[in-house]
2 protein chains.
Amino acid sequence: MSLLFKNLRIHQIFGANTDVGKTVLTSALVRASAAKGASVYYLKPVSTGPLDVADDEHVKRFAGHYKDKVDSTCLFRFDEPVSPHLAARLAKEQTGREVAVPSDETFANAVAHHIRQCATRVTRPSHMYVETAGGVHSPTLSGTTQLDSYRPLFLPTVLIGDSKLGGISSTISSYESLLLRGYIIDTIMLFRDEYYRNWEYLSPYFAERGVHVVALDPPPERHADRAQDIALTDKYYEKIVPSTQEGGIFDVVRHLDDCHARRLAELASMPGRTLDTIWWPFVQHGLVKSEADVNVLDSASGDFFSVYNGHHPSQPTASLSLLEPQFDGSASWWTQAVGHAHPALALAAARAAGRYGHVMFPQGTHLPALTLAERLVRDGPGKGWAARAFFSDDGSTGMEVALKMALRAFSVKHGLDAPQRKNLGILGLKGSYHGDTIGAMDACEEGVYTCEWHDAKGYWFDPPTVAIRKGKAVVSLPPAIGTLSGTADSLVDTRSLAHTYNMEERLKTPLAETYRSYIEQTLRKLQENGSPAIAALVLEPLVMGAGGMIFVDPLFQRVLIDVVRGSYDSPATRPASQWVGLPVIFDEVFVGLYRLGLQSTGPLLGVHPDISVNAKILTGGLVPLAVTMASDSIFQAFYSDKKVDALLHGHSYTAYPVGCEVANATLDVLEKLTGSEEWQVVQHKWNVPESKEARDTAVWSFWDPDFVNAISHLDTVEEVMAFGTVLSIKVKDTSGGYQSHSAQKMLESIKSGPVEDKLSSAPGGAPFGIHYRTLGDVAYFMLSLNTSAHTVRSVEGRIWAAMKNVSA
Amino acid sequence: MSLLFKNLRIHQIFGANTDVGKTVLTSALVRASAAKGASVYYLKPVSTGPLDVADDEHVKRFAGHYKDKVDSTCLFRFDEPVSPHLAARLAKEQTGREVAVPSDETFANAVAHHIRQCATRVTRPSHMYVETAGGVHSPTLSGTTQLDSYRPLFLPTVLIGDSKLGGISSTISSYESLLLRGYIIDTIMLFRDEYYRNWEYLSPYFAERGVHVVALDPPPERHADRAQDIALTDKYYEKIVPSTQEGGIFDVVRHLDDCHARRLAELASMPGRTLDTIWWPFVQHGLVKSEADVNVLDSASGDFFSVYNGHHPSQPTASLSLLEPQFDGSASWWTQAVGHAHPALALAAARAAGRYGHVMFPQGTHLPALTLAERLVRDGPGKGWAARAFFSDDGSTGMEVALKMALRAFSVKHGLDAPQRKNLGILGLKGSYHGDTIGAMDACEEGVYTCEWHDAKGYWFDPPTVAIRKGKAVVSLPPAIGTLSGTADSLVDTRSLAHTYNMEERLKTPLAETYRSYIEQTLRKLQENGSPAIAALVLEPLVMGAGGMIFVDPLFQRVLIDVVRGSYDSPATRPASQWVGLPVIFDEVFVGLYRLGLQSTGPLLGVHPDISVNAKILTGGLVPLAVTMASDSIFQAFYSDKKVDALLHGHSYTAYPVGCEVANATLDVLEKLTGSEEWQVVQHKWNVPESKEARDTAVWSFWDPDFVNAISHLDTVEEVMAFGTVLSIKVKDTSGGYQSHSAQKMLESIKSGPVEDKLSSAPGGAPFGIHYRTLGDVAYFMLSLNTSAHTVRSVEGRIWAAMKNVSA
């Protein structure tokens, strides 16, 4: 991950094109840095072209008097003067020998390793220049382009602009490509060409964008005589790096020093400034004891944050990086699914921003929204039942829309009058959570999350739950059902997870009958009571997330749906578009779109909802967006010739093109992943049959079954569950509840990275800490849908070590 | 705006760099199109370099047998072979004569005019190629870069890739720059260079991104002998455009034909597909009679949408464009402030997406969020009173957060127990609207917008309002106050708008005393009544937007605040960070951040709130984001050592970096605008004194005072108001209310563009329709903060003509 050292100021040099003077200007920088008294490290990770003009040789040779202060290194070298990916291929073809082409991971690790080695040798302010090959998007050895392959290291950059005809364009475009990957661009340097005068144009252009531009004299034409050429070149460097230490190149060196100093100061100031100005969600500021408790996120890549550690009491020695990788163990509140800062998603955001900005949606349409709606309704979670998509901004607003739809549909169908409409409640499960807005909260019981205006509107069943205990899949029954079922300890052994989630089989078990009579009995009592009148069933299918990662027995949810629908739901007896009994809402904000490895929970449960909500993964963890889908019969409840009958709900940015386009790009990425070999390997481990139907309904996880099993046997562990990307560990703790810190304490040690020499699976191979969230006595970990097996195994190992240690 | 004709398929040719073969490959396209039987139009808007090799000459000459079918045109020509902006300057310097350099608007209009002229001559399927100069970002004559200067015309593009060393990079970067402006890229063409083989790399790279790549043989080296050169070149074109009509170039022509056909089919299908799948906010689908009622937004630029008209009953003849500009008269639900698709905002979104994606915010920090919080709290609307910023997703969630803050602060201060906390309400004004989530709705009265679960919690005053009637600034008093004041007709002449909004002066008037006693009396009665207990004052300062663009008498709001604070609020007697009486919430979602020309309404009112909410303009009309600011004493109500005391509210994407970075970029743009000459000119018209204090507190508008005055005298108009970007016209209508369509009907005629030859102020100069929204009997129009005076005058003219016509 990003490397930042107090005493070693590093810049990466990108070119606006090949042959723009990258090596010449870098040589000048190296020489000027050395002249200023710094030790200078020059690194050319990949060099192509004849050895006698190799860049690392050139830099060293023309450092002049300062040669001894310069360490010049090349990691991968190829003869052919072409793009690295082609050079590697030609080397193979021409020599017939096997040429080891490093993978992106190996390559980034090698560069990072070299940088870390240099950093350990530094004793006073030193400079490093890492020169890339070709233009910003020239392919590296693996074929990935420069700026993507170096992105995991996230080094501040210098862009060498193009001084030739067309160079204004290539310089600006290169700058924009760097920005699209989030790079920090500290300066742009280019040759002063008196005919095309590009610098004259570019200086004010970039000044307006806060980027410093410096133009320097171009080198002499190459002389045919080699000795002469060297002499002329030497003279050139003497001129642009004068002994007076004045002029352009020294301005750049000073500016880069300033940038480095500002960056250090800025990072150091951020914790304090944050404690002064920010009001965090879900955080008791009174418990934040010091600046060290503030997680300073400098950037992110894949599943890792790059975080500042300079304010930690255990701040590393000067030779270690002030930025270190941190595994995003909560998938940033369950939003991440394809890795942070995915280029395809950034491009999608840019494309929609550039084409539309935001445009008015009521009675309007645009491609990003229309395409997304069609994909979700026809081929997505709405397949087979949904007719329409309604857009809003987040899971909470999406659920408010769902509730408004259900309440109205019920009221219209039963011809309720105004006072009757004010007495409607919903049916749910204890532990439900549907978002933080007050209406969504009113669909849940009173609890620590609720505010003064909360008014619990409904009835909530205490549900049976699923977990693995000492290697066995069990269902824990709540007391009321336990009594009814005659089970002594309220625990039902369900043979296997696969069986637990096989609805067809389990509907035949006696437990199904027990659930049914319990539910029917309860509903009868509620009806006798009369208030509130129950108008909808609202469920988080399979898992109640914020309520504590409660894996509800799917059989209970299925039977509940069947009962409220007045019969055992069968598509044969009614069209899926027609709601019966009560409208059923699936809150799939957390569980939907493959968080559990399933596109939607309906196929597993064997029933469709009438209304459902998707958010979080929907936009791949980039921007907020929610979609509420509804069947046609729900929609019809609002359809009339009176404006006031319409669903009068909408947010200013409803269906904003950036959100919709990012969602479309996310669905593209998800489609590719679901069919990937990586997924098949994992599904195979969990014995998922190879049919499409099995993949739509089976329980499996990216977490290793043996690891899950082993954890479940630990003495300190009450129970554990793994499903899709989610791992949930409930520790033994008598206090329990939202205020418990037991899970938090047990895993404390995984917060910081271990001190070990081995390369980690984090970008750049540095040791990494793990950022995780707990819900009282439950610790949970969440992966993306493309987290590498290497990373998953590392995280498992770290969790195992921490818990084993506490258990021992 | 975007030009699209059924029979004239147009493509714009961009180059990945200069000298990549743009003209050669375009010549090949022209010849191939002609060979396929199409009439072909070649347009080189700007050509630089010696006349004898001018691109338009080249294209014509090498069209071979098909010359007669080719119309080749150049609009601006310069001799010097340099970038157009420099060529224009050199022409001036070298000849000493004045060279007319067209402005961006003139330039776009000239190109659009030429295209429209060609379209009128077309009788059968024809092709047009518009070749740009240099690379995608090479400056045009005005200095604006190619892709920004052509963006208003939004033509589908062909990118000519670079086949040389470094060309992979410049091709990909150019593609990304085009995407950042939203361009549709139909194909990439480049020369087949057998050494660098760029096409081999680029074909799969772009296939993955859905873009078609074709490689074609390069032309022969230039021959020294001119005749020979021509002969060789002729042969080359014969080879790559063979008479067999097979091979690469014909594949491209067919592909471009397909793209054009698909685009037409897609646009034609969108209304129907939208009616099938989308559930619109705030729209009664039963009133949407046909596809013609669906506004199909193909793109947007500045203040204009580009909309499809092919499904309108009044569909234009084949020679007119199927896409036409439409003025975004509601600023897309009040979100737009700097024009649609502003490049600085798109870049900001891209930058944050590339650096962070979204990252976990609780107990974390990142630069975009921290910077934004500091700017808002210290130099923004929070200046002088706010201590902290809390992020959420939209105005409605921001208001729910504000309410939770206020209710808790009140409860804690007064040591309320649980049942007392359930009996809290707020004080507000009739006509308030704070967003669509149920909690925000509960802070408003019951009405058409409210749902089954609505429970109006509070008391709402009927407020006096401000308007211009027949040229006079008047305050209309509600009956209760009218009686108290002894005003016969409930209308108070307030001399001038400037005086109406001068709090210092008006606090001295008898009306202030009337307001005060009325408010005190009402509050006493409420207190005697006892339920609900009033816990906060919630106001939309100056204007209640969604409630009907109600301009509330600011004096009434000021006195109300003074009264609830228990004294006439004076910062001298208490620190601004300490709330007294009731917490005061300013809902500035609509009015804040210069919608009214004022950064915040506090300075005008002369009082600060304790909590405020900003959204809409905050992110420049690109993505959703809200910030709730609070004073320190509000924050302290949640501060303890118990987690459950914290503000347990947060959305998954809280403080997402893309939103925060776009907001920061928006604030940058706003800062520049507020000091601009354009603003000064407008403020001068409204007699705003030149001091900073005056600009922070004065009433003025981008609408012309004479126009506003004239409208107010129309017989059909009840009253009118203009403030900042907002123009509100209340028409005379006895039915009134949300269901009224009177305003909608009166302005019907401005929906479609007038048929006139004169160039309009829309991009490309085409006639434009006006998209506007009404709220019952109120029609309102909203500008951006940088709408050109030319456009404002046009819109005023159109409104005037429509209303005058009805009045006459």
# chains A, B, ... in the order shown; residues from 1 in each chain; ligands from 1

call {"tool": "residues_around", "arguments": {"residues": "Val627 in chain A", "least_positions_apart": "3", "cutoff": "10 Å", "atoms": "only C-alpha atoms", "output": "number ranges by chain"}}
result
A: 372-373, 376, 388-395, 397-399, 401-402, 589, 612-615, 618, 630, 654-655, 660

call {"tool": "write_last_selection", "arguments": {"atoms": "C-alpha atoms", "output": "PDB file, in the first residue's frame"}}
result
ATOM      1  CA  LEU A 372     -30.800  -0.226 -14.402  1.00  0.00           C
ATOM      2  CA  ALA A 373     -34.525  -0.511 -13.753  1.00  0.00           C
ATOM      3  CA  LEU A 376     -33.183  -5.251 -11.803  1.00  0.00           C
ATOM      4  CA  ARG A 388     -41.514  -1.482 -11.472  1.00  0.00           C
ATOM      5  CA  ALA A 389     -38.503   0.193  -9.943  1.00  0.00           C
ATOM      6  CA  PHE A 390     -38.668   3.297  -7.744  1.00  0.00           C
ATOM      7  CA  PHE A 391     -35.420   5.100  -7.009  1.00  0.00           C
ATOM      8  CA  SER A 392     -34.286   6.747  -3.805  1.00  0.00           C
ATOM      9  CA  ASP A 393     -31.039   7.579  -2.029  1.00  0.00           C
ATOM     10  CA  ASP A 394     -30.262   4.924   0.560  1.00  0.00           C
ATOM     11  CA  GLY A 395     -31.539   1.763   2.194  1.00  0.00           C
ATOM     12  CA  THR A 397     -35.317   5.908   2.274  1.00  0.00           C
ATOM     13  CA  GLY A 398     -35.828   2.833   0.078  1.00  0.00           C
ATOM     14  CA  MET A 399     -37.549   1.136   3.019  1.00  0.00           C
ATOM     15  CA  VAL A 401     -40.865   4.024   0.146  1.00  0.00           C
ATOM     16  CA  ALA A 402     -41.555   0.288   0.556  1.00  0.00           C
ATOM     17  CA  VAL A 589     -30.407  -3.877   1.451  1.00  0.00           C
ATOM     18  CA  SER A 612     -38.196  -5.382  -2.155  1.00  0.00           C
ATOM     19  CA  VAL A 613     -35.389  -2.951  -1.499  1.00  0.00           C
ATOM     20  CA  ASN A 614     -31.800  -3.064  -2.725  1.00  0.00           C
ATOM     21  CA  ALA A 615     -28.969  -0.663  -1.887  1.00  0.00           C
ATOM     22  CA  LEU A 618     -26.059  -2.029  -5.738  1.00  0.00           C
ATOM     23  CA  ALA A 630     -42.843  -3.559  -6.551  1.00  0.00           C
ATOM     24  CA  THR A 654     -33.841  10.657  -7.524  1.00  0.00           C
ATOM     25  CA  ALA A 655     -32.325   8.310 -10.103  1.00  0.00           C
ATOM     26  CA  CYS A 660     -27.461   4.557 -11.876  1.00  0.00           C
TER      27      CYS A 660
END

call {"tool": "residues_around", "arguments": {"residues": "Val24 in chain B", "least_positions_apart": "6", "cutoff": "9 Å", "atoms": "only C-alpha atoms", "output": "list in words"}}
result
Asp55, His58, Val59, Pro218, Pro219 and Tyr237 of chain B

call {"tool": "write_last_selection", "arguments": {"atoms": "N, CA and C atoms", "output": "mmCIF file, in the first residue's frame"}}
result
data_model
loop_
_atom_site.group_PDB
_atom_site.id
_atom_site.type_symbol
_atom_site.label_atom_id
_atom_site.label_comp_id
_atom_site.auth_asym_id
_atom_site.auth_seq_id
_atom_site.Cartn_x
_atom_site.Cartn_y
_atom_site.Cartn_z
ATOM 1 N N ASP B 55 -6.798 19.916 -45.226
ATOM 2 C CA ASP B 55 -7.513 18.661 -45.042
ATOM 3 C C ASP B 55 -8.753 18.553 -45.924
ATOM 4 N N HIS B 58 -7.660 17.651 -49.334
ATOM 5 C CA HIS B 58 -7.201 16.269 -49.350
ATOM 6 C C HIS B 58 -8.383 15.301 -49.449
ATOM 7 N N VAL B 59 -9.357 15.543 -48.605
ATOM 8 C CA VAL B 59 -10.513 14.647 -48.551
ATOM 9 C C VAL B 59 -11.221 14.613 -49.906
ATOM 10 N N PRO B 218 -1.342 1.472 -42.902
ATOM 11 C CA PRO B 218 -0.896 2.872 -42.914
ATOM 12 C C PRO B 218 -0.632 3.347 -44.347
ATOM 13 N N PRO B 219 -0.653 4.645 -44.556
ATOM 14 C CA PRO B 219 -0.380 5.177 -45.908
ATOM 15 C C PRO B 219 1.099 5.069 -46.234
ATOM 16 N N TYR B 237 -5.501 4.777 -51.211
ATOM 17 C CA TYR B 237 -6.948 4.838 -50.922
ATOM 18 C C TYR B 237 -7.706 3.779 -51.699
#

call {"tool": "closest_residue", "arguments": {"among": "A:Lys472, A:His358, A:His771, A:Arg506", "to": "Pro554 in chain A", "atoms": "only C-alpha atoms"}}
result
A:Arg506

call {"tool": "residues_around", "arguments": {"residues": "range 193-201 of chain B", "least_positions_apart": "6", "cutoff": "9 Å", "atoms": "only C-alpha atoms", "output": "list of chain:residue names"}}
result
A:Val82, A:Ser83, A:Leu86, A:Pro139, A:Gly143, B:Gly161, B:Asp162, B:Ser163, B:Lys164, B:Leu165, B:Gly166, B:Gly167, B:Ile168, B:Val213, B:Val214, B:Ala215, B:Leu216, B:Asp217, B:Pro218

call {"tool": "write_last_selection", "arguments": {"atoms": "N, CA and C atoms", "output": "mmCIF file, in the first residue's frame"}}
result
data_model
loop_
_atom_site.group_PDB
_atom_site.id
_atom_site.type_symbol
_atom_site.label_atom_id
_atom_site.label_comp_id
_atom_site.auth_asym_id
_atom_site.auth_seq_id
_atom_site.Cartn_x
_atom_site.Cartn_y
_atom_site.Cartn_z
ATOM 1 N N VAL A 82 10.606 -1.247 -27.026
ATOM 2 C CA VAL A 82 9.160 -1.201 -27.218
ATOM 3 C C VAL A 82 8.492 -1.199 -25.846
ATOM 4 N N SER A 83 7.197 -1.155 -25.871
ATOM 5 C CA SER A 83 6.422 -1.198 -24.625
ATOM 6 C C SER A 83 6.786 -2.453 -23.820
ATOM 7 N N LEU A 86 5.377 -5.892 -24.587
ATOM 8 C CA LEU A 86 5.812 -6.428 -25.869
ATOM 9 C C LEU A 86 7.277 -6.846 -25.778
ATOM 10 N N PRO A 139 1.488 -0.268 -21.245
ATOM 11 C CA PRO A 139 1.366 -1.509 -20.474
ATOM 12 C C PRO A 139 2.673 -1.863 -19.764
ATOM 13 N N GLY A 143 0.977 -6.525 -18.768
ATOM 14 C CA GLY A 143 -0.035 -6.030 -19.689
ATOM 15 C C GLY A 143 -0.948 -4.996 -19.038
ATOM 16 N N GLY B 161 -6.947 6.253 -33.012
ATOM 17 C CA GLY B 161 -5.907 5.856 -32.073
ATOM 18 C C GLY B 161 -4.517 6.113 -32.624
ATOM 19 N N ASP B 162 -3.553 5.951 -31.748
ATOM 20 C CA ASP B 162 -2.164 6.254 -32.090
ATOM 21 C C ASP B 162 -1.428 4.920 -32.249
ATOM 22 N N SER B 163 -0.809 4.721 -33.420
ATOM 23 C CA SER B 163 -0.205 3.416 -33.697
ATOM 24 C C SER B 163 1.281 3.376 -33.372
ATOM 25 N N LYS B 164 1.805 4.513 -32.920
ATOM 26 C CA LYS B 164 3.248 4.599 -32.699
ATOM 27 C C LYS B 164 3.623 4.196 -31.268
ATOM 28 N N LEU B 165 4.920 4.238 -30.996
ATOM 29 C CA LEU B 165 5.398 3.952 -29.642
ATOM 30 C C LEU B 165 4.750 4.955 -28.686
ATOM 31 N N GLY B 166 4.203 4.459 -27.607
ATOM 32 C CA GLY B 166 3.498 5.336 -26.669
ATOM 33 C C GLY B 166 2.031 5.501 -27.009
ATOM 34 N N GLY B 167 1.659 4.993 -28.173
ATOM 35 C CA GLY B 167 0.300 5.211 -28.676
ATOM 36 C C GLY B 167 -0.771 4.474 -27.896
ATOM 37 N N ILE B 168 -0.407 3.382 -27.245
ATOM 38 C CA ILE B 168 -1.399 2.692 -26.404
ATOM 39 C C ILE B 168 -1.845 3.656 -25.309
ATOM 40 N N VAL B 213 -12.733 -1.778 -32.124
ATOM 41 C CA VAL B 213 -11.447 -1.264 -32.616
ATOM 42 C C VAL B 213 -11.159 -1.864 -33.987
ATOM 43 N N VAL B 214 -10.751 -1.029 -34.929
ATOM 44 C CA VAL B 214 -10.379 -1.516 -36.266
ATOM 45 C C VAL B 214 -9.010 -0.966 -36.641
ATOM 46 N N ALA B 215 -8.140 -1.847 -37.116
ATOM 47 C CA ALA B 215 -6.810 -1.417 -37.568
ATOM 48 C C ALA B 215 -6.765 -1.465 -39.091
ATOM 49 N N LEU B 216 -6.178 -0.428 -39.685
ATOM 50 C CA LEU B 216 -6.094 -0.349 -41.146
ATOM 51 C C LEU B 216 -4.656 -0.092 -41.556
ATOM 52 N N ASP B 217 -4.337 -0.488 -42.800
ATOM 53 C CA ASP B 217 -2.963 -0.288 -43.283
ATOM 54 C C ASP B 217 -2.590 1.185 -43.266
ATOM 55 N N PRO B 218 -1.342 1.472 -42.902
ATOM 56 C CA PRO B 218 -0.896 2.872 -42.914
ATOM 57 C C PRO B 218 -0.632 3.347 -44.347
#

call {"tool": "select_by_dssp", "arguments": {"residues": "range 126-360 of chain A", "states": "alpha helix (DSSP H)", "output": "short mmCIF file (atom, residue, chain, number, x, y, z; two decimals) with C-alpha atoms, in the first residue's frame"}}
result
data_model
loop_
_atom_site.label_atom_id
_atom_site.label_comp_id
_atom_site.auth_asym_id
_atom_site.auth_seq_id
_atom_site.Cartn_x
_atom_site.Cartn_y
_atom_site.Cartn_z
CA GLN A 146 1.34 1.78 -15.80
CA LEU A 147 -1.06 3.78 -13.72
CA ASP A 148 -3.15 0.78 -12.76
CA SER A 149 -0.14 -1.39 -11.96
CA GLY A 167 1.45 17.88 -26.47
CA ILE A 168 -1.14 20.11 -24.84
CA SER A 169 -3.69 17.43 -25.50
CA SER A 170 -1.62 14.46 -24.36
CA THR A 171 -0.53 16.30 -21.21
CA ILE A 172 -4.09 17.16 -20.18
CA SER A 173 -5.40 13.70 -21.04
CA SER A 174 -2.62 12.03 -19.09
CA TYR A 175 -3.39 14.25 -16.13
CA GLU A 176 -7.05 13.25 -16.32
CA SER A 177 -6.17 9.55 -16.48
CA LEU A 178 -4.01 9.98 -13.37
CA LEU A 179 -6.86 11.77 -11.59
CA LEU A 180 -9.26 8.96 -12.49
CA ASN A 198 2.82 24.42 -24.83
CA TRP A 199 3.99 25.55 -21.42
CA GLU A 200 2.44 28.95 -22.02
CA TYR A 201 -0.94 27.33 -22.42
CA LEU A 202 -0.52 24.67 -19.77
CA SER A 203 0.71 26.93 -16.95
CA PRO A 204 -2.51 28.92 -16.48
CA TYR A 205 -4.62 25.87 -17.37
CA PHE A 206 -3.15 23.88 -14.52
CA ALA A 207 -2.78 26.84 -12.17
CA ARG A 226 29.22 9.34 -28.80
CA ALA A 227 31.96 11.17 -26.86
CA GLN A 228 30.75 14.50 -28.19
CA ASP A 229 27.22 13.60 -27.30
CA ILE A 230 28.22 12.84 -23.74
CA ALA A 231 30.12 16.09 -23.45
CA LEU A 232 27.22 18.11 -24.81
CA THR A 233 24.79 16.32 -22.54
CA ASP A 234 27.00 16.95 -19.56
CA LYS A 235 27.07 20.61 -20.41
CA TYR A 236 23.32 20.64 -20.69
CA TYR A 237 22.87 19.21 -17.22
CA GLU A 238 25.39 21.70 -15.85
CA LYS A 239 23.28 24.43 -17.33
CA ILE A 240 19.85 23.35 -16.11
CA GLY A 248 13.66 26.11 -12.57
CA ILE A 249 14.82 22.69 -11.51
CA PHE A 250 15.60 23.87 -7.99
CA ASP A 251 12.15 25.43 -7.81
CA VAL A 252 10.75 22.01 -8.56
CA VAL A 253 12.89 20.31 -5.92
CA ARG A 254 11.85 22.88 -3.33
CA HIS A 255 8.23 22.56 -4.39
CA LEU A 256 8.38 18.77 -4.07
CA ASP A 257 9.99 19.15 -0.64
CA ASP A 258 7.16 21.47 0.34
CA CYS A 259 4.56 19.05 -0.97
CA HIS A 260 6.10 16.26 1.05
CA ALA A 261 6.27 18.40 4.19
CA ARG A 262 2.70 19.58 3.71
CA ARG A 263 1.51 16.02 3.23
CA LEU A 264 3.19 14.93 6.46
CA ALA A 265 1.82 17.93 8.32
CA GLU A 266 -1.63 17.44 6.87
CA LEU A 267 -1.80 13.79 7.90
CA ALA A 268 -0.52 14.64 11.36
CA SER A 269 -3.17 17.36 11.71
CA MET A 270 -6.10 15.29 10.52
CA PRO A 271 -6.93 13.40 13.72
CA GLY A 272 -7.07 16.58 15.79
CA ARG A 273 -8.99 18.52 13.17
CA THR A 274 -11.44 15.66 12.84
CA LEU A 275 -12.04 15.54 16.58
CA ASP A 276 -12.71 19.29 16.42
CA THR A 277 -15.22 19.44 13.57
CA ALA A 331 -16.54 -4.01 3.81
CA SER A 332 -17.04 -0.36 4.80
CA TRP A 333 -20.41 -0.94 6.43
CA TRP A 334 -21.29 -3.72 4.03
CA PRO A 343 -11.48 1.70 -12.19
CA ALA A 344 -14.58 0.52 -14.06
CA LEU A 345 -16.81 2.15 -11.46
CA ALA A 346 -14.79 5.37 -11.40
CA LEU A 347 -15.06 5.54 -15.19
CA ALA A 348 -18.80 4.92 -15.05
CA ALA A 349 -19.20 7.76 -12.56
CA ALA A 350 -17.12 10.04 -14.78
CA ARG A 351 -19.04 9.09 -17.92
CA ALA A 352 -22.46 9.84 -16.44
CA ALA A 353 -21.22 13.02 -14.77
CA GLY A 354 -19.86 14.20 -18.12
CA ARG A 355 -22.95 13.34 -20.12
#

call {"tool": "residues_around", "arguments": {"residues": "range 542-544 of chain A", "least_positions_apart": "6", "cutoff": "8 Å", "atoms": "only C-alpha atoms", "output": "ChimeraX atom specification"}}
result
/A:431-433,550-554,557,591,601

call {"tool": "residues_around", "arguments": {"residues": "Trp385 in chain A", "least_positions_apart": "2", "cutoff": "7 Å", "atoms": "only C-alpha atoms", "output": "PyMOL selection string"}}
result
chain A and resi 382-383+387+576-577+608+631

call {"tool": "closest_residue", "arguments": {"among": "A:Lys751, A:His340, A:Arg773, A:Arg524", "to": "chain B", "atoms": "only C-alpha atoms"}}
result
A:His340

call {"tool": "residues_around", "arguments": {"residues": "Ile185 in chain A", "least_positions_apart": "2", "cutoff": "10 Å", "atoms": "only C-alpha atoms", "output": "PyMOL selection string"}}
result
chain A and resi 11-14+155-159+175+178-179+182-183+187-188+210-212+259

call {"tool": "select_by_dssp", "arguments": {"residues": "range 46-243 of chain B", "states": "strand (DSSP E or B)", "output": "ChimeraX atom specification"}}
result
/B:46-48,70-78,126-135,139,145,157-160,185-191,212-216

call {"tool": "write_last_selection", "arguments": {"atoms": "C-alpha atoms", "output": "short mmCIF file (atom, residue, chain, number, x, y, z; two decimals), in the first residue's frame"}}
result
data_model
loop_
_atom_site.label_atom_id
_atom_site.label_comp_id
_atom_site.auth_asym_id
_atom_site.auth_seq_id
_atom_site.Cartn_x
_atom_site.Cartn_y
_atom_site.Cartn_z
CA VAL B 46 -10.82 24.64 -38.08
CA SER B 47 -7.86 23.90 -40.30
CA THR B 48 -4.29 25.01 -39.71
CA VAL B 70 -18.69 14.71 -51.36
CA ASP B 71 -19.27 18.13 -49.87
CA SER B 72 -16.07 19.24 -48.19
CA THR B 73 -16.01 22.38 -46.07
CA CYS B 74 -13.70 24.29 -43.77
CA LEU B 75 -15.07 27.12 -41.64
CA PHE B 76 -11.94 28.72 -40.16
CA ARG B 77 -8.55 28.44 -41.86
CA PHE B 78 -5.06 29.47 -40.68
CA SER B 126 -26.24 10.41 -45.85
CA HIS B 127 -23.13 10.59 -43.75
CA MET B 128 -21.24 13.43 -42.20
CA TYR B 129 -17.79 13.46 -40.67
CA VAL B 130 -16.71 16.40 -38.53
CA GLU B 131 -12.96 16.38 -38.06
CA THR B 132 -11.46 18.11 -35.05
CA ALA B 133 -7.97 19.59 -34.95
CA GLY B 134 -5.06 17.96 -33.13
CA GLY B 135 -5.68 15.76 -30.11
CA PRO B 139 -7.09 24.09 -27.85
CA THR B 145 -9.89 22.48 -25.63
CA THR B 157 -17.48 10.16 -31.95
CA VAL B 158 -14.83 8.13 -33.69
CA LEU B 159 -11.45 8.16 -31.95
CA ILE B 160 -8.41 7.79 -34.16
CA ILE B 185 -17.49 6.59 -28.61
CA ASP B 186 -18.69 4.38 -31.44
CA THR B 187 -15.37 3.12 -32.71
CA ILE B 188 -11.60 3.45 -32.46
CA MET B 189 -9.57 3.28 -35.67
CA LEU B 190 -5.82 3.18 -35.96
CA PHE B 191 -3.05 2.18 -38.33
CA HIS B 212 -15.07 -1.57 -31.37
CA VAL B 213 -11.45 -1.26 -32.62
CA VAL B 214 -10.38 -1.52 -36.27
CA ALA B 215 -6.81 -1.42 -37.57
CA LEU B 216 -6.09 -0.35 -41.15
#

call {"tool": "decode", "arguments": {"residues": "range 10-14 of chain B", "atoms": "C-alpha atoms", "output": "compact mmCIF listing (two decimals), in the first residue's frame"}}
result
# COMPACT_ATOMS: atom_id res chain seq x y z
CA ILE B 10 -23.01 12.30 -38.15
CA HIS B 11 -19.74 11.35 -36.48
CA GLN B 12 -17.13 13.59 -35.01
CA ILE B 13 -13.53 12.48 -35.46
CA PHE B 14 -11.17 13.01 -32.55
